[in-house]
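The file structure.cif comes next; it holds mmCIF, C-alpha atoms.
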data_run
loop_
_atom_site.label_atom_id
_atom_site.label_comp_id
_atom_site.auth_asym_id
_atom_site.auth_seq_id
_atom_site.Cartn_x
_atom_site.Cartn_y
_atom_site.Cartn_z
CA MET V 18 104.38 117.08 106.98
CA ILE V 19 104.00 120.71 106.21
CA ALA V 20 100.59 120.87 107.88
CA ALA V 21 101.97 119.62 111.19
CA ALA V 22 104.93 121.98 111.15
CA ALA V 23 102.89 125.04 110.18
CA LEU V 24 100.23 124.28 112.75
CA ALA V 25 102.77 123.81 115.50
CA ALA V 26 104.57 126.99 114.49
CA THR V 27 101.48 129.16 114.42
CA GLU V 28 100.30 127.67 117.72
CA THR V 29 103.54 128.49 119.49
CA VAL V 30 103.83 131.95 117.98
CA ALA V 31 100.20 132.71 118.77
CA GLN V 32 100.80 131.65 122.36
CA GLN V 33 103.73 134.05 122.66
CA ALA V 34 101.81 136.99 121.24
CA PRO V 35 98.18 136.40 122.11
CA GLU V 36 96.99 139.97 121.79
CA THR V 37 98.46 141.73 118.80
CA GLY V 38 96.98 145.14 119.29
CA SER V 39 94.03 145.03 116.95
CA GLY V 40 92.83 141.77 118.50
CA PHE V 41 94.02 139.49 115.72
CA SER V 42 93.87 135.93 116.92
CA VAL V 43 95.08 133.13 114.69
CA THR V 44 93.11 130.55 116.62
CA ASP V 45 89.85 132.43 116.12
CA LEU V 46 90.53 132.94 112.43
CA ILE V 47 91.35 129.28 111.84
CA MET V 48 88.46 127.99 113.94
CA GLY V 49 86.11 130.40 112.19
CA HIS V 50 87.05 128.91 108.86
CA ILE V 51 87.02 125.27 109.93
CA LEU V 52 83.87 125.15 112.00
CA ASP V 53 80.42 125.36 110.51
CA SER V 54 78.47 128.57 110.99
CA ARG V 55 74.86 129.60 110.75
CA GLU V 56 75.52 132.63 108.61
CA ILE V 57 77.23 133.23 105.32
CA GLU V 58 79.71 136.08 105.28
CA ILE V 59 79.88 138.19 102.19
CA PRO V 60 83.56 138.81 101.48
CA PHE V 61 84.94 142.34 101.59
CA THR V 62 81.99 143.57 103.58
CA HIS V 63 81.23 143.01 107.19
CA THR V 64 77.71 141.80 106.65
CA ALA V 65 76.50 138.28 106.87
CA ILE V 66 73.33 136.57 105.74
CA ALA V 67 71.76 134.66 108.61
CA LEU V 68 70.63 131.22 107.60
CA PRO V 69 67.30 129.77 108.76
CA PRO V 70 67.32 127.16 111.51
CA LEU V 71 65.18 124.15 110.86
CA HIS V 72 64.22 121.68 113.53
CA LEU V 73 62.47 118.42 112.83
CA GLY V 74 61.57 116.90 116.18
CA PRO V 75 64.74 116.51 118.21
CA TYR V 76 66.98 116.72 115.14
CA ASP V 77 68.67 119.90 114.11
CA LEU V 78 68.36 120.12 110.35
CA SER V 79 69.25 123.80 110.05
CA ILE V 80 70.60 125.20 106.86
CA THR V 81 74.20 126.04 107.67
CA ARG V 82 77.14 127.22 105.61
CA SER V 83 78.23 123.67 104.79
CA VAL V 84 74.75 122.86 103.48
CA VAL V 85 74.75 125.91 101.21
CA MET V 86 78.22 125.02 99.94
CA MET V 87 77.05 121.49 99.15
CA TRP V 88 74.13 122.96 97.20
CA ILE V 89 76.55 125.16 95.28
CA ALA V 90 78.80 122.17 94.52
CA SER V 91 75.80 120.10 93.43
CA GLY V 92 74.53 122.97 91.30
CA LEU V 93 77.90 123.32 89.56
CA LEU V 94 78.01 119.58 89.00
CA LEU V 95 74.49 119.62 87.54
CA VAL V 96 75.40 122.47 85.19
CA VAL V 97 78.50 120.66 83.95
CA THR V 98 76.76 117.32 83.52
CA LEU V 99 73.65 118.74 81.86
CA ALA V 100 75.78 120.75 79.46
CA ALA V 101 77.54 117.52 78.53
CA ALA V 102 74.35 115.47 78.31
CA ARG V 103 72.58 117.89 76.00
CA ARG V 104 74.65 116.56 73.15
CA ALA V 105 74.29 112.92 74.17
CA LYS V 106 72.91 111.94 70.79
CA ASP V 107 75.91 113.11 68.78
CA ALA V 108 77.98 110.30 67.38
CA VAL V 109 81.31 111.97 68.07
CA PRO V 110 81.71 113.43 71.56
CA THR V 111 83.01 116.97 71.74
CA GLY V 112 83.53 119.58 74.41
CA SER V 113 82.44 118.93 77.97
CA ARG V 114 80.91 115.58 77.05
CA ASN V 115 84.35 114.46 75.92
CA VAL V 116 85.93 115.38 79.23
CA LEU V 117 83.22 113.69 81.26
CA GLU V 118 83.46 110.60 79.10
CA VAL V 119 87.15 110.29 79.91
CA PHE V 120 86.38 110.18 83.62
CA VAL V 121 83.35 107.93 83.29
CA LYS V 122 85.19 105.48 81.05
CA TYR V 123 88.15 105.39 83.38
CA PHE V 124 85.97 104.65 86.38
CA ARG V 125 83.88 102.12 84.52
CA GLU V 126 86.80 100.12 83.20
CA GLU V 127 89.76 100.57 85.48
CA ILE V 128 88.09 101.05 88.83
CA ALA V 129 84.66 99.46 88.86
CA GLY V 130 85.40 96.85 86.21
CA LYS V 131 88.62 95.61 87.76
CA LEU V 132 87.64 95.91 91.40
CA ILE V 133 84.00 94.82 91.34
CA GLY V 134 83.87 92.48 88.39
CA HIS V 135 80.98 91.59 86.19
CA ASP V 136 78.07 93.48 87.74
CA SER V 137 80.00 96.70 88.18
CA ASP V 138 77.43 98.69 86.19
CA ARG V 139 74.98 98.34 89.06
CA TYR V 140 77.29 100.24 91.39
CA LEU V 141 78.74 102.60 88.82
CA PRO V 142 76.22 105.45 89.34
CA TYR V 143 76.96 105.46 93.06
CA LEU V 144 80.71 105.41 92.51
CA LEU V 145 80.60 108.20 89.96
CA THR V 146 78.42 110.24 92.30
CA CYS V 147 80.94 109.68 95.09
CA PHE V 148 83.79 110.81 92.92
CA PHE V 149 82.27 113.89 91.33
CA PHE V 150 80.43 115.07 94.43
CA VAL V 151 83.47 114.74 96.68
CA TRP V 152 85.69 116.37 94.05
CA PHE V 153 83.40 119.34 93.51
CA CYS V 154 82.80 119.76 97.24
CA ASN V 155 86.55 119.78 97.84
CA MET V 156 87.12 122.31 95.07
CA VAL V 157 84.37 124.65 96.24
CA GLY V 158 86.38 125.28 99.39
CA LEU V 159 89.26 126.68 97.38
CA ILE V 160 87.21 129.56 95.97
CA PRO V 161 87.93 132.63 98.14
CA GLY V 162 85.02 133.37 100.41
CA PHE V 163 83.58 129.85 100.28
CA ALA V 164 83.91 127.01 102.78
CA THR V 165 84.70 123.36 102.22
CA PRO V 166 81.72 121.14 102.97
CA THR V 167 83.92 118.06 103.15
CA GLY V 168 86.03 119.81 105.76
CA ASN V 169 83.10 119.30 108.09
CA ILE V 170 83.31 115.93 109.78
CA SER V 171 79.54 115.49 109.73
CA VAL V 172 79.55 115.61 105.93
CA THR V 173 82.37 113.09 105.58
CA ALA V 174 80.78 110.91 108.25
CA CYS V 175 77.58 110.80 106.19
CA LEU V 176 79.50 109.99 103.03
CA ALA V 177 81.28 107.18 104.87
CA GLY V 178 77.99 105.98 106.38
CA LEU V 179 76.40 105.78 102.94
CA ALA V 180 79.47 103.91 101.70
CA PHE V 181 79.09 101.47 104.61
CA LEU V 182 75.42 100.89 103.75
CA THR V 183 76.28 100.35 100.09
CA ILE V 184 79.06 97.91 100.94
CA GLN V 185 76.86 95.86 103.25
CA GLY V 186 73.96 96.11 100.82
CA ALA V 187 76.13 94.80 97.99
CA GLY V 188 77.07 91.75 100.04
CA VAL V 189 73.54 91.08 101.25
CA ARG V 190 72.13 91.48 97.75
CA GLN V 191 74.58 89.01 96.34
CA TYR V 192 74.52 86.39 99.05
CA GLY V 193 71.65 87.00 101.44
CA LEU V 194 72.06 88.19 105.00
CA VAL V 195 73.40 85.08 106.71
CA LYS V 196 75.88 84.08 104.04
CA HIS V 197 77.11 87.65 103.74
CA LEU V 198 77.83 87.75 107.46
CA LYS V 199 79.70 84.48 107.11
CA ASN V 200 81.65 85.89 104.19
CA VAL V 201 83.05 88.62 106.37
CA VAL V 202 85.56 86.17 107.76
CA PRO V 203 87.59 84.53 105.00
CA GLY V 204 87.20 80.79 104.72
CA GLY V 205 89.76 78.04 104.92
CA LEU V 206 91.44 79.14 108.12
CA PRO V 207 92.84 76.83 110.80
CA LEU V 208 90.38 76.56 113.70
CA TRP V 209 92.51 78.33 116.29
CA LEU V 210 92.60 81.49 114.17
CA TYR V 211 88.85 82.04 114.24
CA PRO V 212 88.65 83.67 117.73
CA ILE V 213 91.13 86.29 116.49
CA MET V 214 89.85 86.71 112.96
CA VAL V 215 86.15 87.08 113.72
CA PRO V 216 86.45 90.19 115.95
CA VAL V 217 89.16 91.64 113.72
CA GLU V 218 87.09 91.25 110.58
CA ILE V 219 83.90 92.55 112.20
CA LEU V 220 85.78 95.57 113.51
CA GLY V 221 87.36 95.95 110.09
CA GLN V 222 83.94 96.35 108.50
CA PHE V 223 83.46 99.43 110.65
CA THR V 224 86.96 100.86 110.70
CA LYS V 225 87.32 100.94 106.93
CA PRO V 226 84.50 103.47 106.35
CA PHE V 227 85.65 105.33 109.49
CA ALA V 228 89.10 105.66 107.95
CA LEU V 229 87.49 106.97 104.75
CA CYS V 230 85.70 109.61 106.78
CA ILE V 231 88.73 110.75 108.75
CA ARG V 232 91.07 110.70 105.78
CA LEU V 233 88.87 112.99 103.70
CA PHE V 234 88.07 115.31 106.61
CA ALA V 235 91.67 115.61 107.79
CA ASN V 236 93.08 116.18 104.30
CA MET V 237 90.65 118.97 103.52
CA THR V 238 90.91 120.65 106.92
CA ALA V 239 94.69 120.42 107.15
CA GLY V 240 95.16 122.02 103.75
CA HIS V 241 93.04 125.01 104.63
CA VAL V 242 94.65 125.36 108.07
CA VAL V 243 98.08 125.49 106.46
CA ILE V 244 97.01 128.16 103.99
CA ILE V 245 95.40 130.31 106.70
CA GLY V 246 98.34 129.77 109.04
CA LEU V 247 100.92 130.81 106.48
CA ILE V 248 99.08 134.00 105.58
CA SER V 249 98.51 134.74 109.26
CA LEU V 250 102.27 134.65 109.78
CA ILE V 251 102.39 138.01 108.05
CA PHE V 252 100.03 139.46 110.65
CA ILE V 253 101.56 137.72 113.62
CA LEU V 254 105.07 138.84 112.81
CA LYS V 255 103.69 142.29 111.96
CA SER V 256 106.05 142.84 109.07
CA ALA V 257 105.23 143.31 105.43
CA TRP V 258 108.50 141.66 104.35
CA VAL V 259 107.30 138.30 105.61
CA ALA V 260 104.84 138.46 102.73
CA THR V 261 107.63 137.98 100.17
CA VAL V 262 108.20 134.50 101.58
CA ALA V 263 104.75 133.64 102.85
CA VAL V 264 102.72 134.44 99.75
CA PRO V 265 104.70 132.32 97.25
CA PHE V 266 104.79 129.43 99.68
CA THR V 267 101.06 129.78 100.24
CA LEU V 268 100.54 129.84 96.50
CA PHE V 269 102.49 126.59 96.23
CA ILE V 270 100.41 124.98 98.95
CA PHE V 271 97.24 126.31 97.31
CA VAL V 272 98.09 124.69 93.97
CA LEU V 273 99.02 121.49 95.84
CA GLU V 274 95.55 121.64 97.40
CA LEU V 275 94.03 121.53 93.92
CA LEU V 276 95.87 118.26 93.33
CA VAL V 277 94.96 116.95 96.78
CA CYS V 278 91.25 117.66 96.15
CA PHE V 279 91.32 115.45 93.09
CA ILE V 280 93.48 112.75 94.66
CA GLN V 281 91.33 112.50 97.78
CA ALA V 282 88.16 112.18 95.73
CA TYR V 283 89.86 109.51 93.63
CA ILE V 284 91.10 107.60 96.70
CA PHE V 285 87.66 107.77 98.33
CA THR V 286 86.00 106.34 95.26
CA THR V 287 88.66 103.69 94.65
CA LEU V 288 88.48 102.48 98.23
CA VAL V 289 84.67 102.32 98.17
CA ALA V 290 84.90 100.32 94.93
CA THR V 291 87.48 98.00 96.53
CA PHE V 292 85.28 97.39 99.55
CA ILE V 293 82.20 96.78 97.40
CA GLY V 294 84.24 94.33 95.36
CA MET V 295 85.46 92.56 98.50
CA SER V 296 81.92 92.39 99.79
CA ALA V 297 80.08 91.34 96.64
CA HIS V 298 82.70 89.07 95.11
CA PRO V 299 85.06 87.95 97.84
CA ALA V 300 88.02 86.06 96.47
CA HIS V 301 88.20 82.85 98.45
CA MET N 7 103.49 121.05 135.44
CA ASP N 8 100.47 122.83 134.08
CA PRO N 9 98.18 120.29 132.37
CA LYS N 10 97.43 122.81 129.64
CA GLY N 11 101.13 123.13 128.95
CA LEU N 12 101.47 119.37 128.88
CA ALA N 13 98.63 119.13 126.40
CA PHE N 14 100.32 121.60 124.05
CA LEU N 15 103.63 119.80 124.49
CA GLY N 16 102.00 116.51 123.65
CA ALA N 17 100.32 118.01 120.60
CA GLY N 18 103.60 119.44 119.34
CA PHE N 19 105.53 116.22 119.83
CA GLY N 20 102.78 114.18 118.29
CA ALA N 21 102.60 116.37 115.21
CA GLY N 22 106.37 116.22 114.83
CA LEU N 23 106.52 112.45 115.15
CA ALA N 24 103.68 112.08 112.68
CA ALA N 25 105.59 114.28 110.26
CA ILE N 26 108.68 112.08 110.65
CA GLY N 27 106.65 108.94 110.03
CA VAL N 28 104.93 110.28 106.94
CA GLY N 29 108.20 111.71 105.65
CA ILE N 30 109.98 108.39 105.93
CA GLY N 31 107.08 106.47 104.47
CA ILE N 32 106.49 108.67 101.44
CA GLY N 33 110.24 109.11 100.97
CA ARG N 34 110.75 105.35 100.65
CA LEU N 35 107.74 105.16 98.36
CA ALA N 36 109.09 107.88 96.10
CA ALA N 37 112.57 106.27 96.06
CA ASN N 38 111.18 102.96 94.87
CA ALA N 39 108.97 104.73 92.33
CA MET N 40 112.03 106.54 90.94
CA ASP N 41 113.85 103.21 90.70
CA GLY N 42 110.94 101.70 88.84
CA ILE N 43 110.71 104.58 86.39
CA ALA N 44 114.48 104.47 85.85
CA ARG N 45 114.38 100.79 85.01
CA GLN N 46 111.37 101.01 82.70
CA PRO N 47 110.70 104.53 81.39
CA GLN N 48 107.69 103.39 79.38
CA SER N 49 105.76 102.47 82.53
CA ALA N 50 106.31 105.91 84.04
CA GLY N 51 102.62 106.80 83.81
CA THR N 52 101.43 103.68 85.64
CA ILE N 53 104.07 104.03 88.31
CA GLN N 54 103.28 107.68 88.82
CA THR N 55 99.57 106.97 89.26
CA ALA N 56 100.23 104.18 91.75
CA MET N 57 102.69 106.39 93.59
CA LEU N 58 100.17 109.19 93.98
CA ILE N 59 97.51 106.81 95.28
CA ALA N 60 99.87 105.27 97.84
CA ALA N 61 101.08 108.72 98.87
CA GLY N 62 97.50 109.81 99.46
CA LEU N 63 96.84 106.79 101.66
CA ILE N 64 100.05 107.21 103.70
CA GLU N 65 99.34 110.89 104.15
CA GLY N 66 95.86 109.90 105.37
CA VAL N 67 97.41 107.96 108.23
CA GLY N 68 99.60 110.92 109.13
CA LEU N 69 96.55 113.11 109.15
CA PHE N 70 94.79 110.78 111.61
CA ALA N 71 97.63 111.60 114.02
CA LEU N 72 97.35 115.28 113.16
CA VAL N 73 93.63 115.29 113.98
CA ILE N 74 94.38 113.85 117.41
CA CYS N 75 97.05 116.51 117.96
CA ILE N 76 94.61 119.25 116.96
CA LEU N 77 92.08 117.84 119.43
CA LEU N 78 94.73 117.94 122.15
CA ALA N 79 95.82 121.47 121.30
CA PHE N 80 92.38 122.96 121.16
CA LYS N 81 91.07 121.20 124.24
CA GLY N 82 94.22 122.15 126.17
#

How does this structure look as structure tokens?
Amino acid sequence: MIAAAALAATETVAQQAPETGSGFSVTDLIMGHILDSREIEIPFTHTAIALPPLHLGPYDLSITRSVVMMWIASGLLLVVTLAAARRAKDAVPTGSRNVLEVFVKYFREEIAGKLIGHDSDRYLPYLLTCFFFVWFCNMVGLIPGFATPTGNISVTACLAGLAFLTIQGAGVRQYGLVKHLKNVVPGGLPLWLYPIMVPVEILGQFTKPFALCIRLFANMTAGHVVIIGLISLIFILKSAWVATVAVPFTLFIFVLELLVCFIQAYIFTTLVATFIGMSAHPAH
Amino acid sequence: MDPKGLAFLGAGFGAGLAAIGVGIGIGRLAANAMDGIARQPQSAGTIQTAMLIAAGLIEGVGLFALVICILLAFKG
């Protein structure tokens, strides 16, 4: 994978030339972009707006850069959706309503309808929220000067936690607590398989949302690390001619990131729909 | 052997092996997708969609390994 190779390359080169005169450090640059920070930098200046810390008891609920980026993504999503909904009464959809309808119809029929079954409309708002929120959050990180909220593992962990709650809630709602817990292990197995299957299935209930979390986090972070690493090559090798190779390659990776943002949002939503379907309507 | 050096070595090897694994996996996936499209050009859209989804999932596994390598490299 390109991410692995670029990361390894920049690590080794940075180790060979740790101090490049003006104190340029690839590690610091990459970590500064990946980790959350309590101030928002304004690009092209050297000023930063400090964000207010907010403590509620022992919990740190400060407003950080990721939180502001999530607000921006939500705001953009609200603008797009409200612009589409203003014309909800028209008989023939046009403009942004048309585009949104394509997505909503696709999710309603192909994803929720096929994976969840007959009461898919109950879970459709949550699935659509998953998809559009994750997509817009991923895209916000591609705007220069902004950060990716879903590149922060706390954000993806919360998304996965909510998915876990929805999946368990779907099963409990359909079958009641005890029967849902019994449904976790598929029925009709020979008796000697149960000691293996029960721990595996219980663990599986937890590892599936965990995999969702890590997949989204790693995809978003790796993409941005590759882009930063490739551009930093110009500064590490201290030659302007490297730019003729690095910039087009970075542009290619950047456009690939656009596709990856959409694909990861789609995979997240499809997997949550699959798990809800498995939980609410297990095929025995 | 300096443990920090070993950590970086481990991270590098791990990232490389993960790249090999993902490369082989997605390569085989793409080969079979090409076969499918060649046999039935009218199902190219369906095959392409399924291919992209599977590629995203396989790449996810590779990125799990990459995350562990990053942890090694930045703790080392």

Once the PyMOL selection byres ((chain V and resi 132) around 12) has been evaluated on this model, what residues remain selected, and can you format them as a PyMOL selection string? chain V and resi 124-131+133-138+140-141+144+286-300

Output C-alpha atoms for every residue in the selection just made, as an mmCIF file, keeping the file's coordinate frame.
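Output file again_10.cif follows:
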data_model
loop_
_atom_site.group_PDB
_atom_site.id
_atom_site.type_symbol
_atom_site.label_atom_id
_atom_site.label_comp_id
_atom_site.auth_asym_id
_atom_site.auth_seq_id
_atom_site.Cartn_x
_atom_site.Cartn_y
_atom_site.Cartn_z
ATOM 1 C CA PHE V 124 85.970 104.650 86.380
ATOM 2 C CA ARG V 125 83.880 102.120 84.520
ATOM 3 C CA GLU V 126 86.800 100.120 83.200
ATOM 4 C CA GLU V 127 89.760 100.570 85.480
ATOM 5 C CA ILE V 128 88.090 101.050 88.830
ATOM 6 C CA ALA V 129 84.660 99.460 88.860
ATOM 7 C CA GLY V 130 85.400 96.850 86.210
ATOM 8 C CA LYS V 131 88.620 95.610 87.760
ATOM 9 C CA ILE V 133 84.000 94.820 91.340
ATOM 10 C CA GLY V 134 83.870 92.480 88.390
ATOM 11 C CA HIS V 135 80.980 91.590 86.190
ATOM 12 C CA ASP V 136 78.070 93.480 87.740
ATOM 13 C CA SER V 137 80.000 96.700 88.180
ATOM 14 C CA ASP V 138 77.430 98.690 86.190
ATOM 15 C CA TYR V 140 77.290 100.240 91.390
ATOM 16 C CA LEU V 141 78.740 102.600 88.820
ATOM 17 C CA LEU V 144 80.710 105.410 92.510
ATOM 18 C CA THR V 286 86.000 106.340 95.260
ATOM 19 C CA THR V 287 88.660 103.690 94.650
ATOM 20 C CA LEU V 288 88.480 102.480 98.230
ATOM 21 C CA VAL V 289 84.670 102.320 98.170
ATOM 22 C CA ALA V 290 84.900 100.320 94.930
ATOM 23 C CA THR V 291 87.480 98.000 96.530
ATOM 24 C CA PHE V 292 85.280 97.390 99.550
ATOM 25 C CA ILE V 293 82.200 96.780 97.400
ATOM 26 C CA GLY V 294 84.240 94.330 95.360
ATOM 27 C CA MET V 295 85.460 92.560 98.500
ATOM 28 C CA SER V 296 81.920 92.390 99.790
ATOM 29 C CA ALA V 297 80.080 91.340 96.640
ATOM 30 C CA HIS V 298 82.700 89.070 95.110
ATOM 31 C CA PRO V 299 85.060 87.950 97.840
ATOM 32 C CA ALA V 300 88.020 86.060 96.470
#

Selected residue, from V:Leu229, V:Val157, V:Ile89, V:Ile253, that lies nearest to chain N when counting all atoms listed in the file: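 Closest residue, counting all atoms listed in the file: V:Leu229.
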
What is the CA of Phe227 (chain V) to CA of Phe285 (chain V) distance in Å?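 CA of Phe285 (chain V) lies 11.6 Å from CA of Phe227 (chain V).
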
Residues matched by the PyMOL selection byres ((chain N) within 12 of (chain V)), written as an MDAnalysis selection string: chainID N and resid 10:11 14:33 55:80 82

Surrounding residues of Thr267 (chain V) excluding itself and chain neighbours under 4 positions, 7 Å, only C-alpha atoms, as a ChimeraX atom specification: /V:244,247,263,271

What does the distance between CA of Ser113 (chain V) and CA of Val96 (chain V) come to in Å, to one decimal place?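 Those two atoms sit 10.7 Å apart.
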
Residue nearest Gly240 (chain V) - candidates V:Leu68, V:Ile213, V:Ile47, V:Ala174, atoms counted: all atoms listed in the file: V:Ile47

What is the CA of Gly188 (chain V) to CA of Ser171 (chain V) distance in Å?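 The value is 25.8 Å.
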
What does the PyMOL selection byres ((chain V and resi 185) around 12) select in this file, as number ranges by chain? V: 178-184, 186-198, 200-201, 219, 222-223, 226, 289, 292-297

Quick one: what's the axis-aligned box for region 18-37 of chain N, all listed atoms, 4 Å on every side, centre and edges in Å to one decimal, as JSON?
{"center_x": 107.6, "center_y": 112.3, "center_z": 107.9, "size_x": 18.0, "size_y": 22.3, "size_z": 31.8}

Using only C-alpha atoms, which protein or nucleic acid residues come within 8 Å of Ile66 (chain V)? Drop anything in the same chain fewer than 3 positions from it, and give the result as a list in words. Glu56, Ile57, Glu58 and Ile59 of chain V
